[in-house]
$ cat start.cif   # mmCIF, C-alpha atoms
data_my_file
#
loop_
_atom_site.label_atom_id
_atom_site.label_comp_id
_atom_site.auth_asym_id
_atom_site.auth_seq_id
_atom_site.Cartn_x
_atom_site.Cartn_y
_atom_site.Cartn_z
CA MET S 1 150.84 58.79 164.29
CA LYS S 2 148.98 62.12 164.47
CA LYS S 3 145.51 60.54 164.37
CA ASN S 4 146.50 58.03 167.06
CA ILE S 5 147.93 60.77 169.27
CA ILE S 6 144.82 62.95 168.95
CA LYS S 7 142.53 59.99 169.64
CA THR S 8 144.62 59.03 172.67
CA PHE S 9 144.55 62.62 173.92
CA THR S 10 140.76 62.84 173.62
CA LEU S 11 140.18 59.50 175.33
CA LEU S 12 142.60 60.32 178.13
CA ALA S 13 141.17 63.77 178.71
CA VAL S 14 137.62 62.51 178.97
CA GLY S 15 138.66 59.40 180.91
CA VAL S 16 140.59 61.28 183.56
CA LEU S 17 137.82 63.79 184.04
CA MET S 18 135.22 61.02 184.23
CA ALA S 19 137.17 59.46 187.07
CA ALA S 20 136.59 62.58 189.13
CA CYS S 21 132.90 61.81 189.44
CA ASN S 22 132.70 58.05 188.84
CA ASN S 23 132.82 57.08 192.49
CA GLN S 24 129.39 58.59 193.12
CA PRO S 25 126.00 56.86 192.82
CA SER S 26 124.03 57.91 189.75
CA LYS S 27 120.52 58.14 191.22
CA MET S 28 119.05 61.57 190.58
CA GLU S 29 117.23 62.99 193.57
CA GLY S 30 117.00 66.04 195.78
CA GLY S 31 117.34 69.61 194.52
CA SER S 32 118.03 70.84 191.04
CA ALA S 33 120.49 72.85 189.00
CA ALA S 34 119.68 75.06 186.05
CA ASN S 35 121.70 74.87 182.85
CA ASP S 36 121.50 78.64 182.39
CA GLY S 37 124.01 79.22 185.17
CA SER S 38 121.38 79.84 187.86
CA ALA S 39 121.86 76.52 189.61
CA THR S 40 119.94 76.23 192.86
CA GLN S 41 121.38 75.06 196.16
CA GLY S 42 121.35 71.50 197.39
CA GLY S 43 120.62 68.20 195.66
CA ILE S 44 122.50 66.75 192.73
CA ALA S 45 123.95 68.21 189.55
CA PHE S 46 125.92 66.81 186.65
CA ILE S 47 128.51 67.95 184.13
CA GLU S 48 128.95 66.83 180.52
CA LEU S 49 132.71 66.36 180.54
CA ASP S 50 133.21 66.09 176.79
CA SER S 51 131.58 69.52 176.42
CA LEU S 52 133.84 70.85 179.17
CA THR S 53 137.00 69.64 177.42
CA GLU S 54 135.71 71.01 174.11
CA HIS S 55 134.88 74.52 175.38
CA TYR S 56 137.30 75.12 178.25
CA GLU S 57 139.88 77.56 176.86
CA TYR S 58 142.86 75.90 178.56
CA ALA S 59 141.83 72.49 177.19
CA LYS S 60 141.47 73.90 173.68
CA LEU S 61 144.87 75.56 173.92
CA MET S 62 146.53 72.36 175.09
CA LYS S 63 144.78 70.29 172.42
CA ASP S 64 146.16 72.64 169.75
CA SER S 65 149.62 72.44 171.32
CA LEU S 66 149.53 68.64 171.41
CA GLU S 67 148.32 68.46 167.81
CA LYS S 68 151.20 70.72 166.69
CA MET S 69 153.68 68.68 168.71
CA SER S 70 152.35 65.49 167.12
CA ALA S 71 152.47 67.00 163.61
CA ASN S 72 156.07 68.15 164.15
CA ALA S 73 157.06 64.70 165.37
CA THR S 74 155.43 63.11 162.33
CA THR S 75 157.32 65.47 160.00
CA VAL S 76 160.65 64.75 161.69
CA LEU S 77 160.10 60.99 161.52
CA ASN S 78 158.98 61.15 157.88
CA ASN S 79 162.18 63.04 157.01
CA LYS S 80 164.24 60.43 158.82
CA ASP S 81 162.44 57.68 156.87
CA LYS S 82 163.33 59.42 153.61
CA GLU S 83 166.97 59.68 154.67
CA LEU S 84 167.00 55.98 155.50
CA GLU S 85 165.47 55.13 152.14
CA ARG S 86 168.12 57.19 150.36
CA SER S 87 170.90 55.50 152.34
CA TYR S 88 169.50 52.06 151.60
CA ASN S 89 169.11 52.80 147.89
CA SER S 90 172.64 54.19 147.76
CA ILE S 91 174.06 50.99 149.25
CA GLN S 92 172.05 48.84 146.82
CA THR S 93 173.16 50.93 143.83
CA ARG S 94 176.81 50.77 144.83
CA LEU S 95 176.52 47.03 145.39
CA GLN S 96 174.96 46.45 141.96
CA ASN S 97 177.54 48.69 140.26
CA ASN S 98 180.45 47.10 142.13
CA THR S 99 181.65 50.47 143.41
CA PHE S 100 182.59 49.18 146.86
CA THR S 101 186.37 48.79 146.84
CA SER S 102 186.30 46.02 149.43
CA GLU S 103 184.00 43.84 151.49
CA GLN S 104 185.00 45.86 154.55
CA GLN S 105 183.84 49.07 152.86
CA TYR S 106 180.47 47.42 152.17
CA LYS S 107 180.18 46.20 155.76
CA THR S 108 181.03 49.69 157.03
CA ALA S 109 178.27 51.22 154.87
CA VAL S 110 175.75 48.62 156.08
CA ALA S 111 176.77 49.21 159.72
CA ALA S 112 176.30 52.96 159.26
CA PHE S 113 172.84 52.33 157.79
CA GLU S 114 171.91 50.07 160.72
CA GLN S 115 173.03 52.77 163.13
CA GLU S 116 170.88 55.33 161.31
CA ARG S 117 167.91 52.98 161.57
CA ASN S 118 168.49 52.41 165.28
CA ASN S 119 168.74 56.17 165.81
CA ARG S 120 165.40 56.59 164.05
CA VAL S 121 163.76 54.03 166.36
CA ALA S 122 165.24 55.77 169.41
CA LEU S 123 164.06 59.14 168.11
CA GLU S 124 160.50 57.88 167.68
CA ALA S 125 160.52 56.50 171.23
CA ARG S 126 161.83 59.81 172.60
CA LEU S 127 159.27 61.90 170.73
CA SER S 128 156.45 59.59 171.81
CA ASN S 129 157.59 59.76 175.44
CA GLU S 130 157.79 63.56 175.31
CA LEU S 131 154.27 63.76 173.90
CA ALA S 132 152.93 61.28 176.45
CA GLN S 133 154.53 63.28 179.27
CA LYS S 134 153.02 66.51 177.99
CA GLN S 135 149.62 64.80 177.82
CA ALA S 136 150.01 63.49 181.36
CA ASP S 137 151.02 66.94 182.65
CA PHE S 138 148.05 68.51 180.88
CA LEU S 139 145.58 65.97 182.23
CA LYS S 140 146.88 66.44 185.77
CA THR S 141 146.55 70.22 185.45
CA LEU S 142 143.08 69.85 183.93
CA GLN S 143 141.97 67.53 186.74
CA ASP S 144 143.40 69.87 189.39
CA SER S 145 141.66 72.84 187.76
CA LEU S 146 138.32 71.05 187.76
CA ASP S 147 138.71 69.83 191.34
CA ASN S 148 139.69 73.27 192.61
CA PHE S 149 136.96 75.04 190.67
CA LEU S 150 134.24 72.65 191.85
CA ALA S 151 135.40 73.00 195.46
CA ASP S 152 135.02 76.79 195.25
CA TYR S 153 131.89 76.62 193.11
CA ASN S 154 130.13 74.33 195.54
CA LYS S 155 130.77 76.60 198.53
CA ASP S 156 127.82 78.66 197.29
CA LYS S 157 125.82 76.03 195.40
CA LYS S 158 126.11 73.41 198.16
CA PHE S 159 125.27 70.43 195.96
CA ASP S 160 125.31 67.06 197.69
CA MET S 161 126.86 65.54 194.59
CA ILE S 162 128.20 66.68 191.22
CA LEU S 163 128.22 63.76 188.81
CA ASN S 164 129.62 62.97 185.41
CA LYS S 165 126.68 62.94 182.99
CA ALA S 166 128.14 59.89 181.21
CA THR S 167 127.45 57.78 184.33
CA VAL S 168 123.87 58.99 184.73
CA LEU S 169 121.25 56.77 183.09
CA TYR S 170 118.67 59.55 183.10
CA GLY S 171 118.71 63.14 184.26
CA ASP S 172 116.59 66.15 183.46
CA ASN S 173 118.46 69.07 181.89
CA LYS S 174 117.64 71.20 184.92
CA TYR S 175 120.38 69.24 186.73
CA ASP S 176 122.95 70.11 184.05
CA ILE S 177 125.49 72.70 185.25
CA THR S 178 127.95 72.14 182.38
CA GLN S 179 127.69 75.62 180.89
CA ASP S 180 127.89 77.22 184.32
CA VAL S 181 131.11 75.31 185.02
CA ILE S 182 132.57 76.08 181.58
CA ASN S 183 131.84 79.79 182.04
CA GLY S 184 133.32 79.80 185.52
CA MET S 185 136.47 77.88 184.58
CA ASN S 186 137.05 80.08 181.52
CA ALA S 187 136.62 83.23 183.62
CA ARG S 188 139.10 81.90 186.17
CA TYR S 189 141.54 80.88 183.42
CA LYS S 190 141.40 84.34 181.80
CA LYS S 191 141.91 85.98 185.19
CA ASP S 192 144.97 83.80 185.82
CA GLU S 193 146.30 84.65 182.33
CA VAL S 194 145.97 88.39 183.01
CA LYS S 195 147.69 87.97 186.37
CA THR S 196 150.55 86.03 184.75
CA GLU S 197 150.99 88.70 182.07
CA LYS S 198 151.19 91.44 184.74
CA GLU S 199 153.86 89.50 186.66
CA LYS S 200 156.11 89.25 183.59
#

$ encode --input "start.cif" --output "structure tokens"
Amino acid sequence: MKKNIIKTFTLLAVGVLMAACNNQPSKMEGGSAANDGSATQGGIAFIELDSLTEHYEYAKLMKDSLEKMSANATTVLNNKDKELERSYNSIQTRLQNNTFTSEQQYKTAVAAFEQERNNRVALEARLSNELAQKQADFLKTLQDSLDNFLADYNKDKKFDMILNKATVLYGDNKYDITQDVINGMNARYKKDEVKTEKEK
């Protein structure tokens, strides 16, 4: 479950961010941007979104949180599976040793086991839904953060377009503003964290 959750998280994070720039044509023309953070005004720039999600502090924090949540869910479900196995084995042992005093007692034990199994299925669904909701909330926040940052960032840079590098067939590195964006978003995130701490 953990590997599937992490893979889903990574694909969703990159996919949602890619959607932010996918509606733009990918032809590189016009001015340039420097990947050392000294991007020039005008023209087109691009961002490597997988690098952004890997180095943006908020994204790293949320990835760790989702991985822990997934690991905890896996542990809980594994423990439930062990309990179910013990219950099943107990019923089988009692049946083989003829320790059930009546058929009704046997049916009651089987019904209790079935209820345990149904509870386990419901628990897995609940934990999966909680994780999916947390992922969705994170991706929305991440998308909003990127949109808001780029809107402010481009007030000075005045790029005609900022594209997702994954949709660009070819682009010189001088158009790459990834590190500039990572630095800016991390600085903004740290500033917001300090502000939040002061308000507590």

$ resolve_selection --input "start.cif" --expression "the PyMOL selection byres ((chain S and resi 159) around 6)" --output "ChimeraX atom specification"
/S:42-44,157-158,160-161

$ resolve_selection --input "start.cif" --expression "the PyMOL selection byres ((chain S and resi 131) around 10)" --output "PDB file with C-alpha atoms, keeping the file's coordinate frame"
ATOM      1  CA  ILE S   5     147.930  60.770 169.270  1.00  0.00           C
ATOM      2  CA  PHE S   9     144.550  62.620 173.920  1.00  0.00           C
ATOM      3  CA  LEU S  66     149.530  68.640 171.410  1.00  0.00           C
ATOM      4  CA  GLU S  67     148.320  68.460 167.810  1.00  0.00           C
ATOM      5  CA  MET S  69     153.680  68.680 168.710  1.00  0.00           C
ATOM      6  CA  SER S  70     152.350  65.490 167.120  1.00  0.00           C
ATOM      7  CA  ALA S  73     157.060  64.700 165.370  1.00  0.00           C
ATOM      8  CA  ALA S 125     160.520  56.500 171.230  1.00  0.00           C
ATOM      9  CA  ARG S 126     161.830  59.810 172.600  1.00  0.00           C
ATOM     10  CA  LEU S 127     159.270  61.900 170.730  1.00  0.00           C
ATOM     11  CA  SER S 128     156.450  59.590 171.810  1.00  0.00           C
ATOM     12  CA  ASN S 129     157.590  59.760 175.440  1.00  0.00           C
ATOM     13  CA  GLU S 130     157.790  63.560 175.310  1.00  0.00           C
ATOM     14  CA  ALA S 132     152.930  61.280 176.450  1.00  0.00           C
ATOM     15  CA  GLN S 133     154.530  63.280 179.270  1.00  0.00           C
ATOM     16  CA  LYS S 134     153.020  66.510 177.990  1.00  0.00           C
ATOM     17  CA  GLN S 135     149.620  64.800 177.820  1.00  0.00           C
ATOM     18  CA  ALA S 136     150.010  63.490 181.360  1.00  0.00           C
ATOM     19  CA  ASP S 137     151.020  66.940 182.650  1.00  0.00           C
TER      20      ASP S 137
END

$ residues_near_point --input "start.cif" --point "(143.4, 81.7, 181.9)" --cutoff "12 Å" --atoms "all atoms listed in the file" --output "list of chain:residue names"
S:Tyr56, S:Glu57, S:Tyr58, S:Ala59, S:Lys60, S:Leu61, S:Met62, S:Ser145, S:Asn183, S:Gly184, S:Met185, S:Asn186, S:Ala187, S:Arg188, S:Tyr189, S:Lys190, S:Lys191, S:Asp192, S:Glu193, S:Val194, S:Lys195, S:Thr196, S:Glu197

$ atom_distance --input "start.cif" --atom1 "atom CA of Lys63 of chain S" --atom2 "atom CA of Ile177 of chain S"
23.3 Å

$ closest_residue --input "start.cif" --among "S:Asn79, S:Asn89, S:Asn164, S:Arg94" --to "Ala45 of chain S" --atoms "all atoms listed in the file"
S:Asn164

$ residues_around --input "start.cif" --residues "Val110 of chain S" --least-positions-apart "6" --cutoff "10 Å" --atoms "all atoms listed in the file" --output "PyMOL selection string"
chain S and resi 87-88+91-92+104+116

$ write_last_selection --input "start.cif" --atoms "C-alpha atoms" --output "mmCIF file, in the coordinates of the input"
data_model
loop_
_atom_site.group_PDB
_atom_site.id
_atom_site.type_symbol
_atom_site.label_atom_id
_atom_site.label_comp_id
_atom_site.auth_asym_id
_atom_site.auth_seq_id
_atom_site.Cartn_x
_atom_site.Cartn_y
_atom_site.Cartn_z
ATOM 1 C CA SER S 87 170.900 55.500 152.340
ATOM 2 C CA TYR S 88 169.500 52.060 151.600
ATOM 3 C CA ILE S 91 174.060 50.990 149.250
ATOM 4 C CA GLN S 92 172.050 48.840 146.820
ATOM 5 C CA GLN S 104 185.000 45.860 154.550
ATOM 6 C CA GLU S 116 170.880 55.330 161.310
#

$ atom_distance --input "start.cif" --atom1 "atom CA of Asp176 of chain S" --atom2 "atom CA of Asp64 of chain S"
27.4 Å

$ atom_distance --input "start.cif" --atom1 "atom CA of Gln115 of chain S" --atom2 "atom CA of Ser102 of chain S"
20.2 Å

$ closest_residue --input "start.cif" --among "S:Val168, S:Val76, S:Leu150, S:Leu84" --to "Ile182 of chain S" --atoms "only C-alpha atoms"
S:Leu150

$ closest_residue --input "start.cif" --among "S:Leu163, S:Gln143, S:Leu52, S:Tyr153" --to "Tyr175 of chain S" --atoms "all atoms listed in the file"
S:Leu163

$ closest_residue --input "start.cif" --among "S:Asn98, S:Thr178, S:Thr74, S:Asn154" --to "Glu54 of chain S" --atoms "only C-alpha atoms"
S:Thr178

$ decode --input "start.cif" --residues "segment 74-97 of chain S" --atoms "N, CA, C and O atoms" --output "mmCIF file, in the first residue's frame"
data_model
loop_
_atom_site.group_PDB
_atom_site.id
_atom_site.type_symbol
_atom_site.label_atom_id
_atom_site.label_comp_id
_atom_site.auth_asym_id
_atom_site.auth_seq_id
_atom_site.Cartn_x
_atom_site.Cartn_y
_atom_site.Cartn_z
ATOM 1 N N THR S 74 -0.676 1.323 6.917
ATOM 2 C CA THR S 74 -0.219 -0.031 6.600
ATOM 3 C C THR S 74 -0.036 -0.849 7.872
ATOM 4 O O THR S 74 -0.436 -2.018 7.936
ATOM 5 N N THR S 75 0.550 -0.234 8.910
ATOM 6 C CA THR S 75 0.752 -0.922 10.180
ATOM 7 C C THR S 75 -0.578 -1.317 10.812
ATOM 8 O O THR S 75 -0.751 -2.446 11.289
ATOM 9 N N VAL S 76 -1.512 -0.375 10.829
ATOM 10 C CA VAL S 76 -2.833 -0.645 11.411
ATOM 11 C C VAL S 76 -3.517 -1.793 10.675
ATOM 12 O O VAL S 76 -4.062 -2.720 11.303
ATOM 13 N N LEU S 77 -3.472 -1.770 9.359
ATOM 14 C CA LEU S 77 -4.135 -2.814 8.568
ATOM 15 C C LEU S 77 -3.437 -4.166 8.734
ATOM 16 O O LEU S 77 -4.104 -5.207 8.795
ATOM 17 N N ASN S 78 -2.114 -4.152 8.820
ATOM 18 C CA ASN S 78 -1.385 -5.410 9.047
ATOM 19 C C ASN S 78 -1.762 -6.019 10.389
ATOM 20 O O ASN S 78 -1.915 -7.237 10.518
ATOM 21 N N ASN S 79 -1.905 -5.176 11.416
ATOM 22 C CA ASN S 79 -2.320 -5.664 12.735
ATOM 23 C C ASN S 79 -3.723 -6.248 12.695
ATOM 24 O O ASN S 79 -3.998 -7.277 13.335
ATOM 25 N N LYS S 80 -4.603 -5.588 11.943
ATOM 26 C CA LYS S 80 -5.962 -6.111 11.801
ATOM 27 C C LYS S 80 -5.955 -7.459 11.083
ATOM 28 O O LYS S 80 -6.713 -8.376 11.436
ATOM 29 N N ASP S 81 -5.089 -7.596 10.081
ATOM 30 C CA ASP S 81 -4.978 -8.871 9.356
ATOM 31 C C ASP S 81 -4.517 -9.987 10.291
ATOM 32 O O ASP S 81 -5.006 -11.126 10.207
ATOM 33 N N LYS S 82 -3.584 -9.661 11.175
ATOM 34 C CA LYS S 82 -3.103 -10.662 12.132
ATOM 35 C C LYS S 82 -4.205 -11.068 13.102
ATOM 36 O O LYS S 82 -4.345 -12.249 13.462
ATOM 37 N N GLU S 83 -5.003 -10.091 13.543
ATOM 38 C CA GLU S 83 -6.132 -10.397 14.424
ATOM 39 C C GLU S 83 -7.139 -11.301 13.727
ATOM 40 O O GLU S 83 -7.657 -12.251 14.333
ATOM 41 N N LEU S 84 -7.407 -11.013 12.462
ATOM 42 C CA LEU S 84 -8.335 -11.839 11.695
ATOM 43 C C LEU S 84 -7.811 -13.260 11.542
ATOM 44 O O LEU S 84 -8.567 -14.239 11.651
ATOM 45 N N GLU S 85 -6.510 -13.367 11.292
ATOM 46 C CA GLU S 85 -5.913 -14.698 11.137
ATOM 47 C C GLU S 85 -6.017 -15.485 12.438
ATOM 48 O O GLU S 85 -6.343 -16.685 12.423
ATOM 49 N N ARG S 86 -5.778 -14.804 13.571
ATOM 50 C CA ARG S 86 -5.902 -15.479 14.864
ATOM 51 C C ARG S 86 -7.349 -15.918 15.117
ATOM 52 O O ARG S 86 -7.598 -17.033 15.603
ATOM 53 N N SER S 87 -8.290 -15.068 14.780
ATOM 54 C CA SER S 87 -9.708 -15.412 14.977
ATOM 55 C C SER S 87 -10.106 -16.608 14.120
ATOM 56 O O SER S 87 -10.799 -17.528 14.590
ATOM 57 N N TYR S 88 -9.644 -16.576 12.868
ATOM 58 C CA TYR S 88 -9.965 -17.674 11.953
ATOM 59 C C TYR S 88 -9.362 -18.984 12.462
ATOM 60 O O TYR S 88 -10.034 -20.028 12.504
ATOM 61 N N ASN S 89 -8.095 -18.931 12.856
ATOM 62 C CA ASN S 89 -7.422 -20.139 13.346
ATOM 63 C C ASN S 89 -8.078 -20.663 14.613
ATOM 64 O O ASN S 89 -8.177 -21.892 14.819
ATOM 65 N N SER S 90 -8.537 -19.757 15.461
ATOM 66 C CA SER S 90 -9.215 -20.166 16.693
ATOM 67 C C SER S 90 -10.505 -20.916 16.383
ATOM 68 O O SER S 90 -10.794 -21.951 16.992
ATOM 69 N N ILE S 91 -11.262 -20.407 15.421
ATOM 70 C CA ILE S 91 -12.513 -21.076 15.030
ATOM 71 C C ILE S 91 -12.220 -22.453 14.463
ATOM 72 O O ILE S 91 -12.890 -23.451 14.801
ATOM 73 N N GLN S 92 -11.205 -22.541 13.597
ATOM 74 C CA GLN S 92 -10.847 -23.833 12.989
ATOM 75 C C GLN S 92 -10.385 -24.840 14.041
ATOM 76 O O GLN S 92 -10.758 -26.015 14.000
ATOM 77 N N THR S 93 -9.600 -24.369 15.000
ATOM 78 C CA THR S 93 -9.108 -25.256 16.066
ATOM 79 C C THR S 93 -10.260 -25.770 16.917
ATOM 80 O O THR S 93 -10.341 -26.977 17.234
ATOM 81 N N ARG S 94 -11.144 -24.867 17.289
ATOM 82 C CA ARG S 94 -12.297 -25.272 18.102
ATOM 83 C C ARG S 94 -13.203 -26.237 17.345
ATOM 84 O O ARG S 94 -13.749 -27.173 17.925
ATOM 85 N N LEU S 95 -13.319 -26.009 16.032
ATOM 86 C CA LEU S 95 -14.151 -26.895 15.222
ATOM 87 C C LEU S 95 -13.537 -28.290 15.151
ATOM 88 O O LEU S 95 -14.242 -29.307 15.292
ATOM 89 N N GLN S 96 -12.243 -28.356 14.937
ATOM 90 C CA GLN S 96 -11.549 -29.650 14.850
ATOM 91 C C GLN S 96 -11.550 -30.398 16.178
ATOM 92 O O GLN S 96 -11.603 -31.625 16.220
ATOM 93 N N ASN S 97 -11.481 -29.624 17.275
ATOM 94 C CA ASN S 97 -11.446 -30.251 18.611
ATOM 95 C C ASN S 97 -12.831 -30.435 19.220
ATOM 96 O O ASN S 97 -12.952 -30.859 20.379
#
